[in-house]
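First comes the structure, then the notes that go with it.
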Amino acid sequence: MKIGAAAAASGVTAKMIRHYEAIGLLRPAERRENAYRDYGERDIHELRFIRRARRLGFSIAEIEALLALWRDRARPSREVKRIAEAHIGDLEARVADMQAMANTLGNLVAACHGDDRPDCPILDDLALGDAGA
């Protein structure tokens, strides 16, 4: 199938399919006589795999490793688990960072009168830059 049909079947845009090919995440598609890319079921499965992994927040490097393990039927599952556990740690750290940001901003919002006065603790804090962090 052509790239447009592969995009529709996989849920990955044609632009991203080309990108994944360019960076080596997806093997280059076969070419027809007219030079159009020709994708098969294996390609569609791999694109769906990539799409799902991206939705779970895996990096391109992690997806590359997971794809290699998925393609290798003799893979040890401990490697897959190791990658997933490390990713959970990264996600939890990002959640903690976001929660800290929300708490800080919540405190600043609570301190702001939000009226006609020009003084504003939110702007004062932002003006401090990293010095206030």
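Convention: chains lettered A, B, ... in structure tokens order; per-chain residue numbering from 1; ligands numbered from 1 as shown.
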- Message: With only C-alpha atoms as the counted atoms, please give the residues lying no more than 12 Å from region 68-78 of chain A, apart from itself and same-chain residues fewer than 2 positions off, as a ChimeraX atom specification.
- Response: /A:24-27,42-43,45-46,49-50,61-66,80-85
- Query: So which bits of region 52-107 of chain A end up helix (DSSP H, G or I) when you DSSP the backbone, as an NGL selection string?
  - Reply: :A and (52-55 or 60-71 or 77-107)
- Query: Neighbours of Cys120 (chain A) within 9 Å (only C-alpha atoms; same-chain residues fewer than 6 positions away dropped), as a ChimeraX atom specification?
  - Reply: /A:108,111-114
- Task: Write down as a PyMOL selection string the residues belonging to chain A that are assigned strand (DSSP E or B) by DSSP computed on the backbone.
- Result: chain A and resi 30-31+37-38
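For the residues A:Ile88, A:Ile23, A:Ala6, A:Leu126, ranking by smallest atom-to-atom distance to Glu41 (chain A) using only C-alpha atoms places A:Ala6 first.
Taking CA of Arg51 (chain A) and CA of Ala22 (chain A) as endpoints, the distance between them is 16.4 Å.
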